[in-house]
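Source file: coords_29.csv (CSV, C-alpha atoms)
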chain,number,residue,atom,x,y,z
W,1,MET,CA,-30.7,9.0,58.9
W,2,LYS,CA,-31.2,7.9,55.3
W,3,ARG,CA,-27.6,9.0,54.5
W,4,LEU,CA,-26.3,6.8,57.3
W,5,PHE,CA,-28.1,3.7,56.2
W,6,PRO,CA,-25.7,2.8,53.3
W,7,VAL,CA,-22.7,3.4,55.6
W,8,VAL,CA,-24.2,1.1,58.3
W,9,LEU,CA,-25.0,-1.5,55.6
W,10,LEU,CA,-21.5,-1.3,54.2
W,11,GLY,CA,-20.1,-1.6,57.7
W,12,LEU,CA,-22.1,-4.8,58.4
W,13,PHE,CA,-21.1,-6.3,55.1
W,14,LEU,CA,-17.4,-5.6,55.9
W,15,LEU,CA,-17.7,-7.1,59.3
W,16,LEU,CA,-19.4,-10.2,57.9
W,17,LEU,CA,-16.7,-10.5,55.2
W,18,ALA,CA,-14.0,-10.1,57.8
W,19,ALA,CA,-15.6,-12.8,60.0
W,20,THR,CA,-15.9,-15.1,57.0
W,21,LEU,CA,-12.3,-14.7,56.0
W,22,SER,CA,-10.9,-15.1,59.5
W,23,PRO,CA,-9.6,-18.6,60.3
W,24,ALA,CA,-12.6,-19.3,62.6
W,25,GLY,CA,-15.0,-17.9,60.0
W,26,ARG,CA,-13.5,-20.1,57.2
W,27,SER,CA,-13.8,-23.3,59.3
W,28,HIS,CA,-17.4,-22.5,60.2
W,29,THR,CA,-18.2,-21.7,56.6
W,30,GLU,CA,-16.7,-25.0,55.5
W,31,ALA,CA,-18.4,-26.8,58.4
W,32,ILE,CA,-21.8,-25.6,57.1
W,33,GLY,CA,-21.4,-27.6,53.9
W,34,LEU,CA,-20.3,-30.6,55.9
W,35,LEU,CA,-23.3,-30.2,58.2
W,36,PHE,CA,-25.7,-30.4,55.3
W,37,ASP,CA,-24.0,-33.6,54.2
W,38,VAL,CA,-24.3,-35.2,57.7
W,39,TRP,CA,-28.0,-34.3,57.8
W,40,SER,CA,-28.3,-36.0,54.4
W,41,LEU,CA,-27.2,-39.4,55.6
W,42,GLY,CA,-30.8,-40.5,56.1
W,43,ARG,CA,-31.6,-40.1,52.4
W,44,GLU,CA,-31.6,-43.0,50.0
W,45,ALA,CA,-29.4,-40.9,47.6
W,46,ALA,CA,-27.1,-39.2,50.0
W,47,PRO,CA,-24.4,-37.0,48.6
W,48,GLY,CA,-20.9,-38.5,48.2
W,49,ALA,CA,-19.8,-38.2,44.6
W,50,GLY,CA,-16.0,-38.5,44.4
W,51,PRO,CA,-13.2,-40.8,43.5
W,52,PRO,CA,-13.7,-44.5,44.5
W,53,PRO,CA,-11.8,-45.8,47.5
W,54,THR,CA,-8.6,-47.7,47.3
W,55,THR,CA,-8.6,-51.0,49.1
W,56,ILE,CA,-5.5,-51.7,51.2
W,57,ALA,CA,-4.3,-54.7,53.1
W,58,TYR,CA,-3.0,-54.6,56.7
W,59,GLU,CA,-2.3,-57.2,59.4
W,60,GLY,CA,-4.9,-58.0,62.0
W,61,PRO,CA,-4.1,-58.5,65.7
W,62,GLY,CA,-2.8,-62.0,65.1
W,63,GLY,CA,-1.1,-61.4,61.8
W,64,GLU,CA,-4.3,-62.2,59.8
W,65,GLY,CA,-5.0,-60.5,56.6
W,66,ARG,CA,-7.4,-57.6,56.9
W,67,GLN,CA,-8.7,-55.0,54.4
W,68,ALA,CA,-9.7,-51.4,54.6
W,69,ASP,CA,-11.0,-48.9,52.1
W,70,VAL,CA,-9.2,-45.6,51.9
W,71,TYR,CA,-11.0,-42.4,50.7
W,72,CYS,CA,-8.6,-39.7,49.7
W,73,ASP,CA,-8.5,-36.7,47.3
W,74,PRO,CA,-5.7,-37.7,44.8
W,75,VAL,CA,-5.0,-34.1,43.9
W,76,ALA,CA,-4.7,-32.6,47.4
W,77,GLU,CA,-2.4,-33.7,50.1
W,78,PRO,CA,-4.3,-35.0,53.2
W,79,ARG,CA,-4.1,-32.8,56.3
W,80,ALA,CA,-5.6,-35.4,58.8
W,81,ARG,CA,-6.6,-39.0,59.1
W,82,LEU,CA,-10.0,-40.2,60.0
W,83,LEU,CA,-10.8,-43.9,60.8
W,84,LEU,CA,-14.5,-44.9,60.7
W,85,ALA,CA,-15.3,-48.1,62.7
W,86,HIS,CA,-18.5,-49.8,61.7
W,87,GLY,CA,-20.6,-51.5,64.3
W,88,LEU,CA,-22.7,-54.7,64.2
W,89,VAL,CA,-23.7,-54.4,60.5
W,90,GLU,CA,-23.5,-57.1,57.9
W,91,ALA,CA,-22.4,-54.7,55.2
W,92,GLY,CA,-19.2,-53.9,57.2
W,93,LYS,CA,-17.1,-51.3,55.4
W,94,ASP,CA,-19.5,-51.4,52.5
W,95,ASP,CA,-22.3,-49.8,54.5
W,96,ALA,CA,-23.8,-47.0,52.3
W,97,ARG,CA,-23.5,-44.4,55.1
W,98,LEU,CA,-19.8,-45.1,55.6
W,99,ARG,CA,-19.2,-44.8,51.9
W,100,THR,CA,-20.9,-41.5,51.9
W,101,LEU,CA,-19.0,-40.2,54.9
W,102,GLY,CA,-15.7,-41.4,53.4
W,103,ARG,CA,-16.2,-39.4,50.3
W,104,VAL,CA,-17.6,-36.4,52.1
W,105,PHE,CA,-14.6,-36.1,54.5
W,106,ALA,CA,-12.1,-36.8,51.7
W,107,ARG,CA,-13.4,-33.7,50.0
W,108,HIS,CA,-12.3,-31.8,53.1
W,109,ARG,CA,-8.7,-33.0,53.0
W,110,PHE,CA,-9.1,-36.0,55.3
W,111,MET,CA,-7.6,-39.4,54.5
W,112,VAL,CA,-10.5,-41.6,55.5
W,113,VAL,CA,-9.8,-45.2,56.5
W,114,VAL,CA,-12.8,-47.7,56.8
W,115,PRO,CA,-11.7,-51.1,58.0
W,116,ASP,CA,-13.6,-54.3,57.7
W,117,PHE,CA,-14.0,-56.1,61.1
W,118,PRO,CA,-15.0,-59.8,60.4
W,119,GLY,CA,-16.5,-60.4,63.8
W,120,MET,CA,-18.7,-57.3,63.8
W,121,ARG,CA,-19.7,-58.0,60.2
W,122,ALA,CA,-20.8,-61.5,61.3
W,123,LEU,CA,-22.8,-59.9,64.1
W,124,ARG,CA,-20.5,-61.4,66.8
W,125,VAL,CA,-19.1,-59.5,69.8
W,126,GLY,CA,-16.0,-60.4,71.8
W,127,ARG,CA,-12.9,-59.0,73.5
W,128,GLU,CA,-11.0,-59.6,70.3
W,129,ASP,CA,-12.9,-56.6,68.8
W,130,ILE,CA,-10.7,-54.3,70.9
W,131,ASP,CA,-7.6,-55.9,69.3
W,132,GLU,CA,-9.2,-55.6,65.8
W,133,VAL,CA,-9.8,-51.9,66.3
W,134,GLY,CA,-6.3,-51.4,67.8
W,135,ALA,CA,-4.7,-53.0,64.7
W,136,ALA,CA,-6.8,-50.9,62.4
W,137,ILE,CA,-5.8,-47.7,64.2
W,138,ALA,CA,-2.1,-48.7,64.0
W,139,ALA,CA,-2.5,-49.3,60.3
W,140,ALA,CA,-4.1,-45.9,59.8
W,141,HIS,CA,-1.2,-44.2,61.7
W,142,ARG,CA,1.3,-45.8,59.2
W,143,LEU,CA,-0.5,-44.1,56.2
W,144,SER,CA,1.1,-40.8,55.3
W,145,GLY,CA,-0.4,-40.1,52.0
W,146,CYS,CA,-3.1,-41.2,49.5
W,147,PRO,CA,-2.7,-44.8,48.3
W,148,PRO,CA,-1.5,-46.4,46.2
W,149,ALA,CA,1.3,-43.8,45.8
W,150,VAL,CA,2.1,-43.7,49.5
W,151,THR,CA,0.8,-46.4,51.8
W,152,ALA,CA,3.2,-47.0,54.6
W,153,ALA,CA,5.9,-44.3,54.7
W,154,GLY,CA,5.2,-43.6,58.3
W,155,GLY,CA,6.4,-40.7,60.4
W,156,ALA,CA,3.9,-38.2,59.1
W,157,ARG,CA,2.5,-36.3,62.1
W,158,LEU,CA,-1.0,-36.0,60.8
W,159,PRO,CA,-3.8,-35.5,63.4
W,160,THR,CA,-5.8,-38.7,63.6
W,161,GLY,CA,-9.4,-39.1,64.5
W,162,VAL,CA,-11.3,-42.4,65.2
W,163,VAL,CA,-15.1,-42.5,64.9
W,164,GLY,CA,-17.0,-45.3,66.6
W,165,PHE,CA,-20.6,-46.0,65.8
W,166,SER,CA,-22.9,-47.8,68.1
W,167,TYR,CA,-21.3,-51.0,69.4
W,168,SER,CA,-17.9,-50.2,67.9
W,169,ALA,CA,-17.7,-47.1,70.2
W,170,GLY,CA,-16.7,-49.4,73.1
W,171,PRO,CA,-13.8,-51.2,71.3
W,172,VAL,CA,-12.7,-47.8,69.9
W,173,ILE,CA,-12.3,-46.1,73.3
W,174,LEU,CA,-10.9,-49.2,74.9
W,175,ALA,CA,-8.3,-49.6,72.1
W,176,LEU,CA,-7.3,-46.0,72.5
W,177,GLY,CA,-7.0,-46.5,76.2
W,178,ARG,CA,-4.2,-49.0,75.9
W,179,PRO,CA,-0.7,-47.8,76.6
W,180,GLY,CA,0.9,-46.1,73.6
W,181,ALA,CA,-2.2,-46.4,71.5
W,182,ALA,CA,-3.3,-42.8,71.6
W,183,ARG,CA,-1.3,-39.7,70.9
W,184,GLN,CA,-1.8,-36.0,71.8
W,185,GLU,CA,-3.0,-35.1,68.3
W,186,ASP,CA,-5.6,-37.9,68.3
W,187,PHE,CA,-9.3,-37.5,69.0
W,188,ALA,CA,-12.3,-39.8,69.1
W,189,VAL,CA,-15.9,-39.3,68.2
W,190,LEU,CA,-18.4,-41.8,69.6
W,191,PHE,CA,-21.9,-41.7,68.0
W,192,GLY,CA,-24.5,-43.6,69.8
W,193,GLY,CA,-21.9,-45.0,72.2
W,194,TYR,CA,-22.4,-46.7,75.6
W,195,ALA,CA,-20.8,-46.8,79.0
W,196,ASP,CA,-22.2,-50.2,80.2
W,197,LEU,CA,-23.4,-53.0,77.9
W,198,GLU,CA,-25.4,-54.5,80.7
W,199,ASP,CA,-27.5,-51.4,80.8
W,200,VAL,CA,-28.0,-51.5,77.0
W,201,VAL,CA,-29.3,-55.1,77.4
W,202,ARG,CA,-31.7,-53.8,80.1
W,203,PHE,CA,-33.0,-51.2,77.8
W,204,LEU,CA,-33.4,-53.5,74.8
W,205,THR,CA,-35.3,-56.1,76.8
W,206,THR,CA,-37.4,-54.0,79.2
W,207,GLY,CA,-37.5,-50.6,77.6
W,208,ARG,CA,-36.1,-49.0,80.7
W,209,HIS,CA,-32.9,-47.1,81.3
W,210,ARG,CA,-31.4,-45.4,84.3
W,211,ASP,CA,-29.1,-42.5,85.1
W,212,LEU,CA,-28.1,-41.0,88.5
W,213,GLY,CA,-30.8,-43.0,90.2
W,214,GLU,CA,-33.6,-41.9,87.9
W,215,ASP,CA,-35.5,-44.5,85.9
W,216,TYR,CA,-36.6,-43.6,82.3
W,217,GLY,CA,-38.8,-45.3,79.8
W,218,GLY,CA,-38.2,-45.5,76.1
W,219,GLU,CA,-39.1,-47.3,72.9
W,220,ALA,CA,-36.6,-50.0,72.2
W,221,LEU,CA,-36.1,-51.5,68.7
W,222,PRO,CA,-38.1,-54.8,68.8
W,223,GLU,CA,-35.4,-56.8,67.0
W,224,GLY,CA,-32.6,-55.2,69.1
W,225,ARG,CA,-32.8,-57.9,71.8
W,226,TRP,CA,-32.4,-60.6,69.2
W,227,ILE,CA,-29.4,-58.9,67.5
W,228,VAL,CA,-27.6,-58.7,70.9
W,229,LEU,CA,-28.6,-62.3,71.7
W,230,GLN,CA,-27.1,-63.5,68.5
W,231,ALA,CA,-24.0,-61.4,69.0
W,232,ASN,CA,-23.3,-62.8,72.5
W,233,ALA,CA,-24.1,-66.4,71.8
W,234,GLY,CA,-20.4,-67.1,71.1
W,235,ALA,CA,-19.4,-66.5,74.7
W,236,LEU,CA,-21.0,-69.8,75.8
W,237,ALA,CA,-18.8,-72.9,76.2
W,238,ASP,CA,-21.3,-75.4,74.7
W,239,PRO,CA,-21.1,-75.3,70.8
W,240,ALA,CA,-24.7,-76.6,70.6
W,241,ASP,CA,-25.9,-73.8,72.8
W,242,ARG,CA,-24.0,-71.2,70.7
W,243,GLU,CA,-25.5,-72.5,67.5
W,244,ALA,CA,-29.0,-72.7,68.8
W,245,LEU,CA,-29.0,-69.2,70.3
W,246,ALA,CA,-27.5,-67.7,67.2
W,247,ALA,CA,-30.3,-69.4,65.2
W,248,ILE,CA,-32.9,-68.2,67.6
W,249,GLY,CA,-31.6,-64.6,67.2
W,250,ARG,CA,-31.7,-64.8,63.4
W,251,LEU,CA,-35.2,-66.3,63.3
W,252,ARG,CA,-36.7,-63.7,65.7
W,253,ARG,CA,-34.9,-60.8,64.0
W,254,ALA,CA,-36.6,-61.8,60.7
W,255,ASP,CA,-40.0,-62.7,62.3
W,256,PRO,CA,-40.8,-61.8,66.0
W,257,GLY,CA,-43.4,-64.5,66.1
W,258,ALA,CA,-41.2,-67.3,64.7
W,259,ASP,CA,-41.6,-70.7,66.4
W,260,ILE,CA,-38.4,-71.3,68.4
W,261,SER,CA,-39.8,-74.1,70.6
W,262,THR,CA,-37.6,-76.9,69.1
W,263,LEU,CA,-34.4,-74.8,69.3
W,264,SER,CA,-35.3,-73.7,72.8
W,265,ALA,CA,-35.9,-77.3,74.0
W,266,SER,CA,-32.4,-78.2,72.7
W,267,LEU,CA,-30.7,-75.7,75.0
W,268,GLY,CA,-28.6,-76.7,78.0
W,269,PRO,CA,-29.0,-74.9,81.4
W,270,ALA,CA,-26.5,-72.1,80.4
W,271,GLY,CA,-28.2,-71.5,77.1
W,272,ARG,CA,-31.6,-71.5,78.7
W,273,ASP,CA,-30.5,-68.8,81.2
W,274,VAL,CA,-29.3,-66.6,78.3
W,275,LEU,CA,-32.5,-67.0,76.4
W,276,ASP,CA,-34.6,-66.2,79.5
W,277,LEU,CA,-32.7,-63.0,79.9
W,278,PHE,CA,-33.2,-61.8,76.4
W,279,ALA,CA,-36.8,-62.9,76.2
W,280,ASN,CA,-37.7,-61.1,79.4
W,281,THR,CA,-39.7,-57.8,79.3
W,282,ASP,CA,-40.2,-57.3,83.1
W,283,PRO,CA,-37.8,-54.7,84.5
W,284,ALA,CA,-38.2,-56.2,88.0
W,285,ARG,CA,-36.8,-59.5,86.9
W,286,PHE,CA,-33.9,-58.2,84.9
W,287,HIS,CA,-31.3,-58.1,87.7
W,288,ASP,CA,-31.9,-61.7,88.9
W,289,LEU,CA,-32.0,-63.0,85.3
W,290,MET,CA,-28.7,-61.3,84.6
W,291,ARG,CA,-27.1,-62.8,87.7
W,292,ARG,CA,-28.1,-66.3,86.6
W,293,VAL,CA,-26.4,-65.9,83.2
W,294,ASP,CA,-23.1,-67.7,82.5
W,295,PRO,CA,-20.2,-65.7,84.1
W,296,ALA,CA,-18.4,-65.9,80.7
W,297,VAL,CA,-21.2,-63.9,79.1
W,298,ARG,CA,-21.2,-61.3,81.9
W,299,ALA,CA,-17.4,-61.1,81.7
W,300,THR,CA,-17.6,-60.3,78.0
W,301,LEU,CA,-20.1,-57.6,78.6
W,302,ASP,CA,-18.0,-56.1,81.3
W,303,ALA,CA,-14.8,-56.3,79.3
W,304,LEU,CA,-16.4,-54.3,76.4
W,305,SER,CA,-17.9,-51.7,78.7
W,306,PRO,CA,-15.8,-48.5,79.0
W,307,SER,CA,-17.2,-47.6,82.4
W,308,LYS,CA,-15.9,-50.9,83.8
W,309,SER,CA,-12.8,-51.6,81.7
W,310,LEU,CA,-11.2,-48.3,80.6
W,311,ALA,CA,-8.1,-47.6,82.7
W,312,GLY,CA,-7.4,-44.1,81.4
W,313,PRO,CA,-6.8,-41.2,81.5
W,314,LEU,CA,-6.8,-40.8,77.7
W,315,PRO,CA,-4.5,-38.2,76.1
W,316,ILE,CA,-7.2,-37.2,73.7
W,317,ASP,CA,-10.2,-35.0,73.2
W,318,LEU,CA,-13.5,-36.9,73.1
W,319,TYR,CA,-16.8,-36.0,71.3
W,320,LEU,CA,-19.9,-37.8,72.3
W,321,LEU,CA,-22.9,-37.5,69.9
W,322,HIS,CA,-26.2,-39.2,70.7
W,323,GLY,CA,-29.7,-39.2,69.3
W,324,ARG,CA,-32.3,-38.5,72.0
W,325,SER,CA,-34.7,-41.0,70.3
W,326,ASP,CA,-32.1,-43.7,69.9
W,327,ALA,CA,-34.1,-47.0,70.1
W,328,ILE,CA,-31.0,-49.3,70.4
W,329,VAL,CA,-28.6,-47.5,72.8
W,330,PRO,CA,-30.4,-44.9,75.1
W,331,TYR,CA,-28.9,-41.4,75.2
W,332,THR,CA,-28.3,-41.8,79.0
W,333,GLU,CA,-25.3,-44.0,78.0
W,334,SER,CA,-23.5,-41.0,76.6
W,335,LEU,CA,-24.3,-39.0,79.8
W,336,LYS,CA,-22.7,-41.8,81.8
W,337,LEU,CA,-19.7,-41.9,79.4
W,338,GLN,CA,-19.2,-38.2,79.9
W,339,ARG,CA,-18.9,-38.7,83.6
W,340,SER,CA,-17.0,-42.0,83.7
W,341,VAL,CA,-14.3,-41.6,81.0
W,342,ARG,CA,-11.2,-39.9,82.2
W,343,THR,CA,-9.2,-37.9,79.7
W,344,ASP,CA,-6.5,-35.3,79.7
W,345,GLY,CA,-8.4,-33.5,77.0
W,346,ARG,CA,-11.9,-32.1,76.6
W,347,VAL,CA,-15.1,-34.1,76.6
W,348,ARG,CA,-17.8,-32.5,74.5
W,349,LEU,CA,-21.4,-33.9,74.6
W,350,ALA,CA,-24.1,-33.2,72.0
W,351,LEU,CA,-27.6,-34.8,72.5
W,352,LEU,CA,-29.5,-34.5,69.2
W,353,GLY,CA,-33.3,-34.5,69.1
W,354,GLY,CA,-33.3,-35.0,65.3
W,355,PHE,CA,-31.3,-38.2,65.3
W,356,GLN,CA,-32.1,-41.8,65.9
W,357,HIS,CA,-29.4,-44.4,66.1
W,358,ALA,CA,-26.4,-42.7,64.5
W,359,ARG,CA,-28.5,-41.3,61.7
W,360,PRO,CA,-31.1,-38.5,61.1
W,361,GLN,CA,-34.6,-39.5,61.9
W,362,SER,CA,-36.1,-37.5,58.9
W,363,ASP,CA,-37.6,-39.4,56.0
W,364,THR,CA,-35.3,-40.5,53.2
W,365,GLY,CA,-36.6,-37.8,50.8
W,366,THR,CA,-35.6,-34.8,52.8
W,367,GLU,CA,-32.7,-32.6,51.6
W,368,GLY,CA,-29.9,-32.1,54.2
W,369,TRP,CA,-30.3,-28.4,54.4
W,370,ILE,CA,-34.0,-28.7,55.0
W,371,SER,CA,-33.3,-31.1,57.9
W,372,ALA,CA,-30.7,-28.7,59.3
W,373,LEU,CA,-33.2,-25.9,59.3
W,374,ARG,CA,-35.9,-28.0,60.9
W,375,HIS,CA,-33.6,-28.8,63.8
W,376,PRO,CA,-31.7,-25.5,64.5
W,377,ALA,CA,-30.5,-26.5,68.0
W,378,ASP,CA,-29.1,-29.8,66.7
W,379,SER,CA,-27.5,-28.0,63.8
W,380,ALA,CA,-25.8,-25.5,66.1
W,381,ARG,CA,-24.4,-28.3,68.3
W,382,LEU,CA,-23.2,-30.3,65.2
W,383,LEU,CA,-21.7,-27.2,63.6
W,384,GLU,CA,-19.5,-26.5,66.6
W,385,VAL,CA,-18.3,-30.1,66.6
W,386,LEU,CA,-17.6,-30.2,62.9
W,387,ALA,CA,-15.8,-26.9,62.9
W,388,ASP,CA,-13.7,-28.1,65.8
W,389,ILE,CA,-12.8,-31.2,63.9
W,390,LEU,CA,-11.9,-29.3,60.7
W,391,ASP,CA,-9.7,-27.0,62.8
W,392,ARG,CA,-7.7,-30.1,63.9
W,393,ARG,CA,-6.3,-30.6,60.4
W,394,ALA,CA,-2.6,-29.9,60.0
W,395,GLU,CA,-1.7,-26.5,58.4
W,396,PRO,CA,-1.1,-26.9,54.6

Kindly transcribe the structure held in the file into structure tokens.
Amino acid sequence: MKRLFPVVLLGLFLLLLAATLSPAGRSHTEAIGLLFDVWSLGREAAPGAGPPPTTIAYEGPGGEGRQADVYCDPVAEPRARLLLAHGLVEAGKDDARLRTLGRVFARHRFMVVVPDFPGMRALRVGREDIDEVGAAIAAAHRLSGCPPAVTAAGGARLPTGVVGFSYSAGPVILALGRPGAARQEDFAVLFGGYADLEDVVRFLTTGRHRDLGEDYGGEALPEGRWIVLQANAGALADPADREALAAIGRLRRADPGADISTLSASLGPAGRDVLDLFANTDPARFHDLMRRVDPAVRATLDALSPSKSLAGPLPIDLYLLHGRSDAIVPYTESLKLQRSVRTDGRVRLALLGGFQHARPQSDTGTEGWISALRHPADSARLLEVLADILDRRAEP
């Protein structure tokens, strides 16, 4: 038996080596390093050392000038494109997490494009966000190599992935759903996405969310209702109501107890109905309050909701990632997306217990590999998704 032990050990070593050197083994080995980087996004000093991005200009949906940062390894030809669409965040493309992800994926032979969306950066939502994302996707498709050497040669058949975070998940999938917008080699990743914005408002205001007739409770981010109020104020016709509601949103985001009585008294009937909806905490009143809201506001919410506005089917594979403890968009929204979105490709869902709203919930001092080991089930799900995405890169 003792004589057989070295033989068995050698055999196991050779099997492990063969698995590591196989195409699937190599992608999983590479994905492990990428996994640790993803788990590190919650740290204040997340990894991301690499060359600085190149800022390029492209045309917006109406011919306006727009900018995007492009992260690319200058010494290695890119084998895929990846567009990262920020959500309602005032830092826009300069958000620290996007900068980290741009550098991380650039090290893995992705040309990463991070556009700046003026409306989302100003914490405004509207149907035009779908056009903005569509214009950015078209601009990314025209890039065939690392700027500034090659910025618009076109024709390169590089696989292209689009990642939507939080609110931008809706415009991303709706833009890809337009005729001719998506191609067979495209894929989309929605992190913390949603099926129906009305249900997101219900959760943020009442702490309740529903799926398949079941009612669930959850802890909603206190300032979340005021962020969404501010974002939707622009849908109202009266400029005075728009300005007052946006101001109320800003004040209550900064201080939940801020005095808004003067601003509230200045609102017209339409503005008052919107404020009543977002100030409400009673689930039993939500439906009636929503029905009283200006039809323009409800139409905007519906137009940006994939479950109501996506024609489909999409010629792409779709990855849905969602934190179970998300305090802004409940995880049931991704469950509904999985059922409602029609696609010719695969739909893969990963619910992650160790993530909050599109970021790890661990404290900022935790190393990525430690977080990965603390959440083995999450890590296994993420590893499969990351390895799948790495396998999409074009052959060198």

Just the residues within 10 Å of W:Gly126, please, counting all atoms listed in the file, with nothing from its chain fewer than 5 positions along; format it as a PDB file with C-alpha atoms, in the frame of the given file.
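Below you can see result.pdb, which holds the result:
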ATOM      1  CA  GLY W 119     -16.500 -60.400  63.800  1.00  0.00           C
ATOM      2  CA  MET W 120     -18.700 -57.300  63.800  1.00  0.00           C
ATOM      3  CA  ASP W 131      -7.600 -55.900  69.300  1.00  0.00           C
ATOM      4  CA  PRO W 171     -13.800 -51.200  71.300  1.00  0.00           C
ATOM      5  CA  ALA W 231     -24.000 -61.400  69.000  1.00  0.00           C
ATOM      6  CA  ASN W 232     -23.300 -62.800  72.500  1.00  0.00           C
ATOM      7  CA  GLY W 234     -20.400 -67.100  71.100  1.00  0.00           C
ATOM      8  CA  ALA W 235     -19.400 -66.500  74.700  1.00  0.00           C
ATOM      9  CA  VAL W 297     -21.200 -63.900  79.100  1.00  0.00           C
ATOM     10  CA  THR W 300     -17.600 -60.300  78.000  1.00  0.00           C
ATOM     11  CA  LEU W 301     -20.100 -57.600  78.600  1.00  0.00           C
ATOM     12  CA  ALA W 303     -14.800 -56.300  79.300  1.00  0.00           C
ATOM     13  CA  LEU W 304     -16.400 -54.300  76.400  1.00  0.00           C
TER      14      LEU W 304
END

By how many Å are atom CA of W:Val162 and atom CA of W:Phe187 apart?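 Going from atom CA of W:Val162 over to atom CA of W:Phe187 covers 6.5 Å.
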
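Interatomic distance, atom CA of W:Pro376 against atom CA of W:Gln361: 14.5 Å.
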
Tell me which protein, DNA and RNA residues are within 9 Å of stretch 202-216 of chain W, counting all atoms listed in the file, leaving out same-chain ones fewer than 4 positions away, and put them as a ChimeraX atom specification. /W:197-198,220-225,228,277-283,286-287,327-330,332-333,335-336

Within 10 Å of (-8.0, -30.3, 78.9), only C-alpha atoms: residues as an MDAnalysis selection string? chainID W and resid 315:317 343:347

Only C-alpha atoms, please: the residues just picked out, written as an mmCIF file, in the coordinates of the input.
data_model
loop_
_atom_site.group_PDB
_atom_site.id
_atom_site.type_symbol
_atom_site.label_atom_id
_atom_site.label_comp_id
_atom_site.auth_asym_id
_atom_site.auth_seq_id
_atom_site.Cartn_x
_atom_site.Cartn_y
_atom_site.Cartn_z
ATOM 1 C CA PRO W 315 -4.500 -38.200 76.100
ATOM 2 C CA ILE W 316 -7.200 -37.200 73.700
ATOM 3 C CA ASP W 317 -10.200 -35.000 73.200
ATOM 4 C CA THR W 343 -9.200 -37.900 79.700
ATOM 5 C CA ASP W 344 -6.500 -35.300 79.700
ATOM 6 C CA GLY W 345 -8.400 -33.500 77.000
ATOM 7 C CA ARG W 346 -11.900 -32.100 76.600
ATOM 8 C CA VAL W 347 -15.100 -34.100 76.600
#

Which residues, protein or nucleic acid, reach to within 12 Å of (-3.8, -50.3, 55.7) in the file's coordinates when using all atoms listed in the file, and can you give that as an NGL selection string? :W and (54-60 or 65-71 or 83 or 111-116 or 135-148 or 150-154)

At a cut-off of 9 Å, using all atoms listed in the file, what residues contact stretch 105-110 of chain W? Leave out same-chain residues fewer than 6 positions from it and give the result as a PyMOL selection string. chain W and resi 30+34+50+71-73+76-82+390+393

Write a file of the just-selected residues containing C-alpha atoms, as a PDB file, in the coordinates of the input.
ATOM      1  CA  GLU W  30     -16.700 -25.000  55.500  1.00  0.00           C
ATOM      2  CA  LEU W  34     -20.300 -30.600  55.900  1.00  0.00           C
ATOM      3  CA  GLY W  50     -16.000 -38.500  44.400  1.00  0.00           C
ATOM      4  CA  TYR W  71     -11.000 -42.400  50.700  1.00  0.00           C
ATOM      5  CA  CYS W  72      -8.600 -39.700  49.700  1.00  0.00           C
ATOM      6  CA  ASP W  73      -8.500 -36.700  47.300  1.00  0.00           C
ATOM      7  CA  ALA W  76      -4.700 -32.600  47.400  1.00  0.00           C
ATOM      8  CA  GLU W  77      -2.400 -33.700  50.100  1.00  0.00           C
ATOM      9  CA  PRO W  78      -4.300 -35.000  53.200  1.00  0.00           C
ATOM     10  CA  ARG W  79      -4.100 -32.800  56.300  1.00  0.00           C
ATOM     11  CA  ALA W  80      -5.600 -35.400  58.800  1.00  0.00           C
ATOM     12  CA  ARG W  81      -6.600 -39.000  59.100  1.00  0.00           C
ATOM     13  CA  LEU W  82     -10.000 -40.200  60.000  1.00  0.00           C
ATOM     14  CA  LEU W 390     -11.900 -29.300  60.700  1.00  0.00           C
ATOM     15  CA  ARG W 393      -6.300 -30.600  60.400  1.00  0.00           C
TER      16      ARG W 393
END

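Distance-wise, atom CA of W:Ala240 and atom CA of W:Ala299 end up 20.4 Å apart.
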
Using all atoms listed in the file, can you tell me which of W:Glu384, W:Ala195, W:Glu219, W:His375 comes closest to W:Gln338? W:Ala195

Show me, as a tab-separated table (two decimals) with C-alpha atoms, in the coordinates of the input, the residues that have an atom within 9 Å of W:Gly87 when counting all atoms listed in the file, minus same-chain residues fewer than 6 positions from it.
chain	number	residue	atom	x	y	z
W	117	PHE	CA	-14.00	-56.10	61.10
W	120	MET	CA	-18.70	-57.30	63.80
W	121	ARG	CA	-19.70	-58.00	60.20
W	123	LEU	CA	-22.80	-59.90	64.10
W	164	GLY	CA	-17.00	-45.30	66.60
W	165	PHE	CA	-20.60	-46.00	65.80
W	166	SER	CA	-22.90	-47.80	68.10
W	167	TYR	CA	-21.30	-51.00	69.40
W	168	SER	CA	-17.90	-50.20	67.90
W	169	ALA	CA	-17.70	-47.10	70.20

List as a list of chain:residue names the protein and nucleic acid residues near W:Asp186, meaning an atom at most 6 Å away when only C-alpha atoms are counted, but skip any in the same chain fewer than 5 places from it.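 Listed by chain and then number, they are W:Pro159, W:Thr160, W:Gly161, W:Ile316.
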
Residue selection dump (C-alpha atoms) as a PDB file, keeping the file's coordinate frame:
ATOM      1  CA  PRO W 159      -3.800 -35.500  63.400  1.00  0.00           C
ATOM      2  CA  THR W 160      -5.800 -38.700  63.600  1.00  0.00           C
ATOM      3  CA  GLY W 161      -9.400 -39.100  64.500  1.00  0.00           C
ATOM      4  CA  ILE W 316      -7.200 -37.200  73.700  1.00  0.00           C
TER       5      ILE W 316
END
